[in-house]
>>> print(open('my_file32.cif').read())   # mmCIF, N, CA, C and O atoms
data_start
#
loop_
_atom_site.label_atom_id
_atom_site.label_comp_id
_atom_site.auth_asym_id
_atom_site.auth_seq_id
_atom_site.Cartn_x
_atom_site.Cartn_y
_atom_site.Cartn_z
N MET N 1030 -2.60 18.57 -19.78
CA MET N 1030 -3.18 17.36 -19.21
C MET N 1030 -4.22 17.76 -18.15
O MET N 1030 -4.00 18.67 -17.39
N ASN N 1031 -5.34 17.07 -18.14
CA ASN N 1031 -6.37 17.36 -17.15
C ASN N 1031 -6.06 16.60 -15.86
O ASN N 1031 -6.20 15.39 -15.78
N TYR N 1032 -5.62 17.34 -14.85
CA TYR N 1032 -5.23 16.73 -13.58
C TYR N 1032 -6.41 16.56 -12.62
O TYR N 1032 -6.25 16.04 -11.55
N LYS N 1033 -7.58 17.03 -13.00
CA LYS N 1033 -8.72 17.03 -12.09
C LYS N 1033 -9.21 15.62 -11.75
O LYS N 1033 -9.60 15.36 -10.64
N LYS N 1034 -9.22 14.72 -12.73
CA LYS N 1034 -9.81 13.40 -12.49
C LYS N 1034 -8.84 12.26 -12.74
O LYS N 1034 -9.25 11.11 -12.82
N ILE N 1035 -7.56 12.53 -12.86
CA ILE N 1035 -6.61 11.50 -13.26
C ILE N 1035 -6.55 10.33 -12.27
O ILE N 1035 -6.48 9.18 -12.66
N VAL N 1036 -6.60 10.61 -10.98
CA VAL N 1036 -6.55 9.53 -9.97
C VAL N 1036 -7.81 8.67 -10.08
O VAL N 1036 -7.72 7.44 -10.11
N ASN N 1037 -8.96 9.29 -10.16
CA ASN N 1037 -10.21 8.56 -10.28
C ASN N 1037 -10.22 7.69 -11.54
O ASN N 1037 -10.59 6.52 -11.50
N ASP N 1038 -9.77 8.25 -12.66
CA ASP N 1038 -9.77 7.50 -13.93
C ASP N 1038 -8.84 6.30 -13.87
O ASP N 1038 -9.17 5.22 -14.37
N GLN N 1039 -7.68 6.45 -13.27
CA GLN N 1039 -6.75 5.33 -13.17
C GLN N 1039 -7.29 4.25 -12.24
O GLN N 1039 -7.17 3.06 -12.52
N LEU N 1040 -7.90 4.66 -11.12
CA LEU N 1040 -8.50 3.67 -10.21
C LEU N 1040 -9.63 2.92 -10.90
O LEU N 1040 -9.80 1.72 -10.70
N LYS N 1041 -10.42 3.61 -11.71
CA LYS N 1041 -11.53 2.96 -12.42
C LYS N 1041 -11.00 1.85 -13.35
O LYS N 1041 -11.63 0.81 -13.49
N GLN N 1042 -9.85 2.07 -13.97
CA GLN N 1042 -9.27 1.04 -14.84
C GLN N 1042 -8.89 -0.20 -14.03
O GLN N 1042 -9.13 -1.33 -14.46
N ILE N 1043 -8.29 0.01 -12.89
CA ILE N 1043 -7.87 -1.11 -12.04
C ILE N 1043 -9.08 -1.82 -11.46
O ILE N 1043 -9.20 -3.05 -11.52
N ILE N 1044 -9.97 -1.05 -10.88
CA ILE N 1044 -11.14 -1.63 -10.22
C ILE N 1044 -12.08 -2.30 -11.24
O ILE N 1044 -12.74 -3.29 -10.93
N GLY N 1045 -12.09 -1.79 -12.46
CA GLY N 1045 -12.91 -2.41 -13.51
C GLY N 1045 -12.57 -3.88 -13.71
O GLY N 1045 -13.43 -4.69 -14.02
N LYS N 1046 -11.31 -4.22 -13.50
CA LYS N 1046 -10.88 -5.61 -13.65
C LYS N 1046 -11.16 -6.46 -12.41
O LYS N 1046 -11.15 -7.67 -12.47
N LEU N 1047 -11.40 -5.81 -11.28
CA LEU N 1047 -11.60 -6.52 -10.01
C LEU N 1047 -13.04 -6.51 -9.53
O LEU N 1047 -13.41 -7.34 -8.70
N GLN N 1048 -13.84 -5.59 -10.01
CA GLN N 1048 -15.16 -5.33 -9.45
C GLN N 1048 -16.05 -6.57 -9.39
O GLN N 1048 -16.74 -6.79 -8.41
N ASN N 1049 -16.05 -7.39 -10.40
CA ASN N 1049 -16.90 -8.58 -10.42
C ASN N 1049 -16.31 -9.73 -9.61
O ASN N 1049 -16.88 -10.82 -9.57
N LYS N 1050 -15.18 -9.49 -8.99
CA LYS N 1050 -14.50 -10.53 -8.22
C LYS N 1050 -14.50 -10.25 -6.72
O LYS N 1050 -13.75 -10.85 -5.97
N SER N 1051 -15.36 -9.35 -6.27
CA SER N 1051 -15.36 -8.97 -4.85
C SER N 1051 -15.67 -10.16 -3.94
O SER N 1051 -15.07 -10.30 -2.87
N SER N 1052 -16.58 -11.04 -4.34
CA SER N 1052 -16.88 -12.20 -3.50
C SER N 1052 -15.69 -13.15 -3.41
O SER N 1052 -15.39 -13.70 -2.35
N ILE N 1053 -14.98 -13.32 -4.52
CA ILE N 1053 -13.78 -14.17 -4.52
C ILE N 1053 -12.69 -13.54 -3.65
O ILE N 1053 -12.02 -14.23 -2.87
N ILE N 1054 -12.52 -12.23 -3.79
CA ILE N 1054 -11.54 -11.51 -2.96
C ILE N 1054 -11.86 -11.70 -1.49
O ILE N 1054 -10.98 -12.00 -0.68
N ASN N 1055 -13.13 -11.56 -1.13
CA ASN N 1055 -13.53 -11.73 0.27
C ASN N 1055 -13.32 -13.16 0.76
O ASN N 1055 -12.94 -13.37 1.92
N GLU N 1056 -13.58 -14.15 -0.09
CA GLU N 1056 -13.34 -15.55 0.30
C GLU N 1056 -11.85 -15.80 0.56
O GLU N 1056 -11.50 -16.46 1.54
N ILE N 1057 -11.01 -15.28 -0.30
CA ILE N 1057 -9.56 -15.45 -0.13
C ILE N 1057 -9.09 -14.73 1.14
O ILE N 1057 -8.28 -15.27 1.90
N LYS N 1058 -9.62 -13.51 1.35
CA LYS N 1058 -9.27 -12.77 2.56
C LYS N 1058 -9.59 -13.58 3.82
O LYS N 1058 -8.78 -13.66 4.74
N GLU N 1059 -10.78 -14.16 3.84
CA GLU N 1059 -11.21 -14.91 5.02
C GLU N 1059 -10.42 -16.21 5.18
O GLU N 1059 -9.99 -16.55 6.27
N ALA N 1060 -10.20 -16.90 4.08
CA ALA N 1060 -9.50 -18.20 4.14
C ALA N 1060 -8.06 -18.05 4.62
O ALA N 1060 -7.54 -18.93 5.31
N TYR N 1061 -7.41 -16.95 4.25
CA TYR N 1061 -5.99 -16.78 4.57
C TYR N 1061 -5.70 -15.62 5.52
O TYR N 1061 -4.55 -15.21 5.67
N SER N 1062 -6.75 -15.09 6.14
CA SER N 1062 -6.61 -13.95 7.08
C SER N 1062 -5.83 -12.79 6.45
O SER N 1062 -4.85 -12.30 7.01
N LEU N 1063 -6.28 -12.36 5.29
CA LEU N 1063 -5.62 -11.28 4.56
C LEU N 1063 -6.41 -9.99 4.68
O LEU N 1063 -7.57 -9.99 5.09
N GLU N 1064 -5.78 -8.90 4.29
CA GLU N 1064 -6.42 -7.59 4.22
C GLU N 1064 -6.18 -7.01 2.84
O GLU N 1064 -5.21 -7.36 2.17
N CYS N 1065 -7.05 -6.10 2.41
CA CYS N 1065 -6.88 -5.42 1.13
C CYS N 1065 -6.45 -3.98 1.38
O CYS N 1065 -6.99 -3.31 2.26
N LYS N 1066 -5.50 -3.53 0.59
CA LYS N 1066 -5.03 -2.16 0.70
C LYS N 1066 -4.62 -1.66 -0.67
O LYS N 1066 -3.93 -2.36 -1.40
N PHE N 1067 -5.08 -0.49 -1.01
CA PHE N 1067 -4.71 0.16 -2.26
C PHE N 1067 -3.78 1.32 -1.93
O PHE N 1067 -4.01 2.08 -1.00
N PHE N 1068 -2.73 1.46 -2.73
CA PHE N 1068 -1.77 2.55 -2.56
C PHE N 1068 -1.88 3.49 -3.75
O PHE N 1068 -1.86 3.05 -4.90
N ILE N 1069 -1.98 4.76 -3.46
CA ILE N 1069 -1.96 5.79 -4.50
C ILE N 1069 -0.73 6.63 -4.24
O ILE N 1069 -0.56 7.18 -3.14
N VAL N 1070 0.14 6.72 -5.23
CA VAL N 1070 1.35 7.54 -5.10
C VAL N 1070 1.24 8.67 -6.12
O VAL N 1070 1.12 8.41 -7.33
N ILE N 1071 1.26 9.88 -5.64
CA ILE N 1071 1.13 11.05 -6.50
C ILE N 1071 2.45 11.82 -6.47
O ILE N 1071 2.93 12.19 -5.40
N LYS N 1072 3.01 12.02 -7.65
CA LYS N 1072 4.21 12.84 -7.78
C LYS N 1072 3.79 14.20 -8.33
O LYS N 1072 3.20 14.27 -9.40
N ILE N 1073 4.10 15.24 -7.60
CA ILE N 1073 3.74 16.59 -8.01
C ILE N 1073 4.90 17.16 -8.82
O ILE N 1073 6.01 17.28 -8.32
N GLU N 1074 4.62 17.48 -10.08
CA GLU N 1074 5.63 18.03 -10.98
C GLU N 1074 5.26 19.45 -11.34
O GLU N 1074 4.16 19.71 -11.83
N LYS N 1075 6.15 20.40 -11.10
CA LYS N 1075 5.97 21.80 -11.48
C LYS N 1075 4.66 22.37 -10.95
O LYS N 1075 3.99 23.16 -11.62
N GLY N 1076 4.24 21.92 -9.80
CA GLY N 1076 3.03 22.44 -9.18
C GLY N 1076 1.74 21.88 -9.73
O GLY N 1076 0.66 22.27 -9.31
N ASN N 1077 1.79 20.96 -10.68
CA ASN N 1077 0.60 20.34 -11.27
C ASN N 1077 0.16 19.17 -10.41
O ASN N 1077 0.81 18.13 -10.40
N THR N 1078 -0.91 19.36 -9.69
CA THR N 1078 -1.38 18.31 -8.79
C THR N 1078 -2.75 17.79 -9.22
O THR N 1078 -3.64 18.57 -9.51
N PRO N 1079 -2.90 16.48 -9.27
CA PRO N 1079 -4.22 15.93 -9.59
C PRO N 1079 -5.14 16.03 -8.38
O PRO N 1079 -4.69 16.00 -7.24
N ALA N 1080 -6.40 16.17 -8.64
CA ALA N 1080 -7.38 16.14 -7.56
C ALA N 1080 -7.51 14.71 -7.07
O ALA N 1080 -7.43 13.76 -7.86
N LEU N 1081 -7.68 14.54 -5.80
CA LEU N 1081 -7.88 13.21 -5.24
C LEU N 1081 -9.39 13.00 -5.10
O LEU N 1081 -9.97 13.22 -4.05
N TYR N 1082 -9.98 12.62 -6.20
CA TYR N 1082 -11.42 12.43 -6.28
C TYR N 1082 -11.72 10.95 -6.45
O TYR N 1082 -11.13 10.29 -7.30
N LEU N 1083 -12.64 10.42 -5.62
CA LEU N 1083 -13.07 9.03 -5.74
C LEU N 1083 -14.58 9.03 -5.92
O LEU N 1083 -15.30 9.51 -5.04
N ASP N 1084 -15.06 8.48 -7.02
CA ASP N 1084 -16.50 8.46 -7.22
C ASP N 1084 -17.17 7.37 -6.39
O ASP N 1084 -16.50 6.55 -5.76
N LYS N 1085 -18.50 7.38 -6.39
CA LYS N 1085 -19.26 6.45 -5.54
C LYS N 1085 -18.96 4.99 -5.84
O LYS N 1085 -18.92 4.17 -4.92
N ASP N 1086 -18.77 4.65 -7.11
CA ASP N 1086 -18.51 3.25 -7.47
C ASP N 1086 -17.20 2.75 -6.86
O ASP N 1086 -17.12 1.62 -6.40
N ILE N 1087 -16.19 3.60 -6.87
CA ILE N 1087 -14.91 3.23 -6.27
C ILE N 1087 -15.06 3.05 -4.77
O ILE N 1087 -14.58 2.06 -4.20
N ILE N 1088 -15.74 3.97 -4.13
CA ILE N 1088 -15.94 3.89 -2.68
C ILE N 1088 -16.75 2.64 -2.31
O ILE N 1088 -16.42 1.92 -1.36
N LYS N 1089 -17.77 2.34 -3.09
CA LYS N 1089 -18.58 1.14 -2.84
C LYS N 1089 -17.74 -0.13 -2.98
O LYS N 1089 -17.87 -1.05 -2.18
N PHE N 1090 -16.89 -0.16 -4.01
CA PHE N 1090 -16.04 -1.35 -4.19
C PHE N 1090 -15.07 -1.50 -3.03
O PHE N 1090 -14.93 -2.60 -2.48
N PHE N 1091 -14.40 -0.42 -2.65
CA PHE N 1091 -13.49 -0.48 -1.49
C PHE N 1091 -14.23 -1.00 -0.26
O PHE N 1091 -13.72 -1.82 0.48
N SER N 1092 -15.43 -0.51 -0.06
CA SER N 1092 -16.22 -0.93 1.09
C SER N 1092 -16.60 -2.41 0.99
O SER N 1092 -16.55 -3.14 1.99
N SER N 1093 -16.95 -2.88 -0.21
CA SER N 1093 -17.40 -4.26 -0.37
C SER N 1093 -16.30 -5.27 -0.05
O SER N 1093 -16.59 -6.40 0.33
N ILE N 1094 -15.03 -4.86 -0.20
CA ILE N 1094 -13.92 -5.77 0.14
C ILE N 1094 -13.17 -5.28 1.39
O ILE N 1094 -12.11 -5.80 1.71
N GLU N 1095 -13.76 -4.30 2.06
CA GLU N 1095 -13.18 -3.72 3.27
C GLU N 1095 -11.72 -3.32 3.06
O GLU N 1095 -10.84 -3.64 3.85
N ALA N 1096 -11.49 -2.60 1.96
CA ALA N 1096 -10.13 -2.20 1.60
C ALA N 1096 -9.75 -0.88 2.27
O ALA N 1096 -10.59 -0.01 2.48
N GLU N 1097 -8.47 -0.76 2.57
CA GLU N 1097 -7.91 0.49 3.06
C GLU N 1097 -7.29 1.23 1.88
O GLU N 1097 -6.95 0.63 0.87
N LEU N 1098 -7.14 2.53 2.03
CA LEU N 1098 -6.56 3.36 0.99
C LEU N 1098 -5.41 4.16 1.61
O LEU N 1098 -5.59 4.84 2.62
N ASP N 1099 -4.24 4.06 1.00
CA ASP N 1099 -3.05 4.77 1.48
C ASP N 1099 -2.60 5.72 0.38
O ASP N 1099 -2.37 5.30 -0.75
N VAL N 1100 -2.51 7.02 0.69
CA VAL N 1100 -2.13 8.02 -0.30
C VAL N 1100 -0.81 8.65 0.11
O VAL N 1100 -0.67 9.14 1.23
N ASP N 1101 0.16 8.62 -0.80
CA ASP N 1101 1.45 9.27 -0.58
C ASP N 1101 1.61 10.39 -1.60
O ASP N 1101 1.32 10.20 -2.79
N LEU N 1102 2.09 11.54 -1.14
CA LEU N 1102 2.34 12.68 -2.02
C LEU N 1102 3.82 13.00 -2.01
O LEU N 1102 4.43 13.13 -0.95
N TYR N 1103 4.39 13.12 -3.20
CA TYR N 1103 5.81 13.48 -3.33
C TYR N 1103 5.89 14.72 -4.21
O TYR N 1103 5.35 14.76 -5.30
N THR N 1104 6.59 15.72 -3.73
CA THR N 1104 6.74 16.97 -4.46
C THR N 1104 8.15 17.12 -4.95
O THR N 1104 9.10 17.09 -4.17
N ASN N 1105 8.29 17.26 -6.26
CA ASN N 1105 9.62 17.55 -6.83
C ASN N 1105 9.81 19.07 -6.81
O ASN N 1105 8.84 19.82 -6.85
N PRO N 1106 11.06 19.51 -6.74
CA PRO N 1106 11.29 20.97 -6.68
C PRO N 1106 10.73 21.68 -7.89
O PRO N 1106 10.74 21.15 -9.00
N TYR N 1107 10.20 22.87 -7.66
CA TYR N 1107 9.70 23.69 -8.75
C TYR N 1107 10.89 24.43 -9.35
O TYR N 1107 11.70 25.00 -8.64
N ASP N 1108 11.01 24.40 -10.67
CA ASP N 1108 12.11 25.08 -11.34
C ASP N 1108 12.14 26.58 -11.03
O ASP N 1108 13.19 27.18 -10.89
N ASP N 1109 10.96 27.18 -10.92
CA ASP N 1109 10.88 28.62 -10.67
C ASP N 1109 11.53 29.02 -9.38
O ASP N 1109 12.11 30.10 -9.26
N PHE N 1110 11.48 28.16 -8.37
CA PHE N 1110 12.00 28.49 -7.06
C PHE N 1110 13.47 28.11 -6.90
O PHE N 1110 14.10 28.47 -5.94
N CYS N 1111 13.99 27.34 -7.83
CA CYS N 1111 15.37 26.86 -7.71
C CYS N 1111 16.38 27.83 -8.30
O CYS N 1111 17.56 27.69 -8.12
N GLU N 1112 15.91 28.81 -9.06
CA GLU N 1112 16.84 29.74 -9.71
C GLU N 1112 17.30 30.84 -8.79
O GLU N 1112 16.75 31.23 -7.87
#
>>> encode(input="my_file32.cif", output="structure tokens")
Amino acid sequence: MNYKKIVNDQLKQIIGKLQNKSSIINEIKEAYSLECKFFIVIKIEKGNTPALYLDKDIIKFFSSIEAELDVDLYTNPYDDFCE
């Protein structure tokens, strides 16, 4: 599996559905005093870690809705070290 762009590719799928709705998101935020926050949870398995890469389109979208980004990393034990 290519771990280099997996986070970026998954975010693109989510943001692809929201990107044309940034003005609506901002209207709702203002009307109800809300904030936007995206959570990325990465589980590290056997030392295989995806790169945390965000392309310009993702960054622009986050900025357009003034979204925060929260990244959590969880590491599962490596089998090699448990023996």
>>> atom_distance(input="my_file32.cif", atom1="atom C of N:Val1070", atom2="atom N of N:Asn1055")
25.3 Å
>>> residues_around(input="my_file32.cif", residues="stretch 1046-1050 of chain N", least_positions_apart="3", cutoff="12 Å", atoms="only C-alpha atoms", output="ChimeraX atom specification")
/N:1039-1043,1053-1057,1086-1094
>>> atom_distance(input="my_file32.cif", atom1="atom C of N:Gly1076", atom2="atom CA of N:Thr1104")
8.8 Å
>>> atom_distance(input="my_file32.cif", atom1="atom O of N:Leu1081", atom2="atom O of N:Leu1063")
25.1 Å
>>> select_by_dssp(input="my_file32.cif", residues="chain N", states="helix (DSSP H, G or I)", output="PyMOL selection string")
chain N and resi 1035-1061+1085-1093+1108-1111
>>> residues_around(input="my_file32.cif", residues="N:Ile1069", least_positions_apart="6", cutoff="7 Å", atoms="all atoms listed in the file", output="PyMOL selection string")
chain N and resi 1098-1102
>>> write_last_selection(input="my_file32.cif", atoms="N, CA, C and O atoms", output="tab-separated table (two decimals), keeping the file's coordinate frame")
chain	number	residue	atom	x	y	z
N	1098	LEU	N	-7.14	2.53	2.03
N	1098	LEU	CA	-6.56	3.36	0.99
N	1098	LEU	C	-5.41	4.16	1.61
N	1098	LEU	O	-5.59	4.84	2.62
N	1099	ASP	N	-4.24	4.06	1.00
N	1099	ASP	CA	-3.05	4.77	1.48
N	1099	ASP	C	-2.60	5.72	0.38
N	1099	ASP	O	-2.37	5.30	-0.75
N	1100	VAL	N	-2.51	7.02	0.69
N	1100	VAL	CA	-2.13	8.02	-0.30
N	1100	VAL	C	-0.81	8.65	0.11
N	1100	VAL	O	-0.67	9.14	1.23
N	1101	ASP	N	0.16	8.62	-0.80
N	1101	ASP	CA	1.45	9.27	-0.58
N	1101	ASP	C	1.61	10.39	-1.60
N	1101	ASP	O	1.32	10.20	-2.79
N	1102	LEU	N	2.09	11.54	-1.14
N	1102	LEU	CA	2.34	12.68	-2.02
N	1102	LEU	C	3.82	13.00	-2.01
N	1102	LEU	O	4.43	13.13	-0.95
>>> residues_around(input="my_file32.cif", residues="N:Glu1064", least_positions_apart="2", cutoff="7 Å", atoms="only N, CA, C and O atoms", output="MDAnalysis selection string")
chainID N and resid 1058 1061:1062 1066 1094:1097
>>> closest_residue(input="my_file32.cif", among="N:Ile1044, N:Asn1037, N:Ala1060, N:Asn1105", to="N:Glu1074", atoms="only N, CA, C and O atoms")
N:Asn1105
>>> build_atoms(input="my_file32.cif", residues="stretch 1041-1052 of chain N", atoms="all heavy atoms", output="compact mmCIF listing (two decimals), in the coordinates of the input")
# COMPACT_ATOMS: atom_id res chain seq x y z
N LYS N 1041 -10.42 3.61 -11.71
CA LYS N 1041 -11.53 2.96 -12.42
C LYS N 1041 -11.00 1.85 -13.35
O LYS N 1041 -11.63 0.81 -13.49
CB LYS N 1041 -12.33 3.97 -13.22
CG LYS N 1041 -13.37 4.70 -12.40
CD LYS N 1041 -14.20 5.56 -13.32
CE LYS N 1041 -15.64 5.66 -13.02
NZ LYS N 1041 -16.36 4.66 -12.36
N GLN N 1042 -9.85 2.07 -13.97
CA GLN N 1042 -9.27 1.04 -14.84
C GLN N 1042 -8.89 -0.20 -14.03
O GLN N 1042 -9.13 -1.33 -14.46
CB GLN N 1042 -8.04 1.59 -15.55
CG GLN N 1042 -8.36 2.60 -16.63
CD GLN N 1042 -7.11 3.12 -17.31
OE1 GLN N 1042 -6.06 2.48 -17.27
NE2 GLN N 1042 -7.22 4.27 -17.95
N ILE N 1043 -8.29 0.01 -12.89
CA ILE N 1043 -7.87 -1.11 -12.04
C ILE N 1043 -9.08 -1.82 -11.46
O ILE N 1043 -9.20 -3.05 -11.52
CB ILE N 1043 -6.93 -0.62 -10.92
CG1 ILE N 1043 -5.63 -0.09 -11.52
CG2 ILE N 1043 -6.66 -1.73 -9.91
CD1 ILE N 1043 -4.79 0.72 -10.56
N ILE N 1044 -9.97 -1.05 -10.88
CA ILE N 1044 -11.14 -1.63 -10.22
C ILE N 1044 -12.08 -2.30 -11.24
O ILE N 1044 -12.74 -3.29 -10.93
CB ILE N 1044 -11.86 -0.56 -9.38
CG1 ILE N 1044 -10.98 -0.23 -8.18
CG2 ILE N 1044 -13.24 -1.03 -8.94
CD1 ILE N 1044 -11.43 0.96 -7.39
N GLY N 1045 -12.09 -1.79 -12.46
CA GLY N 1045 -12.91 -2.41 -13.51
C GLY N 1045 -12.57 -3.88 -13.71
O GLY N 1045 -13.43 -4.69 -14.02
N LYS N 1046 -11.31 -4.22 -13.50
CA LYS N 1046 -10.88 -5.61 -13.65
C LYS N 1046 -11.16 -6.46 -12.41
O LYS N 1046 -11.15 -7.67 -12.47
CB LYS N 1046 -9.39 -5.65 -13.98
CG LYS N 1046 -9.08 -4.98 -15.29
CD LYS N 1046 -7.61 -4.94 -15.58
CE LYS N 1046 -7.41 -4.19 -16.90
NZ LYS N 1046 -6.11 -4.33 -17.47
N LEU N 1047 -11.40 -5.81 -11.28
CA LEU N 1047 -11.60 -6.52 -10.01
C LEU N 1047 -13.04 -6.51 -9.53
O LEU N 1047 -13.41 -7.34 -8.70
CB LEU N 1047 -10.73 -5.89 -8.92
CG LEU N 1047 -9.22 -5.90 -9.14
CD1 LEU N 1047 -8.54 -5.08 -8.06
CD2 LEU N 1047 -8.70 -7.32 -9.13
N GLN N 1048 -13.84 -5.59 -10.01
CA GLN N 1048 -15.16 -5.33 -9.45
C GLN N 1048 -16.05 -6.57 -9.39
O GLN N 1048 -16.74 -6.79 -8.41
CB GLN N 1048 -15.85 -4.23 -10.22
CG GLN N 1048 -16.93 -3.56 -9.41
CD GLN N 1048 -17.16 -2.14 -9.86
OE1 GLN N 1048 -16.83 -1.77 -10.97
NE2 GLN N 1048 -17.72 -1.35 -8.99
N ASN N 1049 -16.05 -7.39 -10.40
CA ASN N 1049 -16.90 -8.58 -10.42
C ASN N 1049 -16.31 -9.73 -9.61
O ASN N 1049 -16.88 -10.82 -9.57
CB ASN N 1049 -17.15 -9.04 -11.86
CG ASN N 1049 -17.95 -8.04 -12.64
OD1 ASN N 1049 -18.74 -7.29 -12.07
ND2 ASN N 1049 -17.73 -8.00 -13.94
N LYS N 1050 -15.18 -9.49 -8.99
CA LYS N 1050 -14.50 -10.53 -8.22
C LYS N 1050 -14.50 -10.25 -6.72
O LYS N 1050 -13.75 -10.85 -5.97
CB LYS N 1050 -13.07 -10.68 -8.73
CG LYS N 1050 -13.00 -11.13 -10.18
CD LYS N 1050 -11.59 -11.11 -10.71
CE LYS N 1050 -11.48 -11.61 -12.11
NZ LYS N 1050 -12.16 -10.88 -13.12
N SER N 1051 -15.36 -9.35 -6.27
CA SER N 1051 -15.36 -8.97 -4.85
C SER N 1051 -15.67 -10.16 -3.94
O SER N 1051 -15.07 -10.30 -2.87
CB SER N 1051 -16.30 -7.80 -4.57
OG SER N 1051 -17.61 -8.12 -4.93
N SER N 1052 -16.58 -11.04 -4.34
CA SER N 1052 -16.88 -12.20 -3.50
C SER N 1052 -15.69 -13.15 -3.41
O SER N 1052 -15.39 -13.70 -2.35
CB SER N 1052 -18.12 -12.94 -3.99
OG SER N 1052 -17.93 -13.41 -5.30
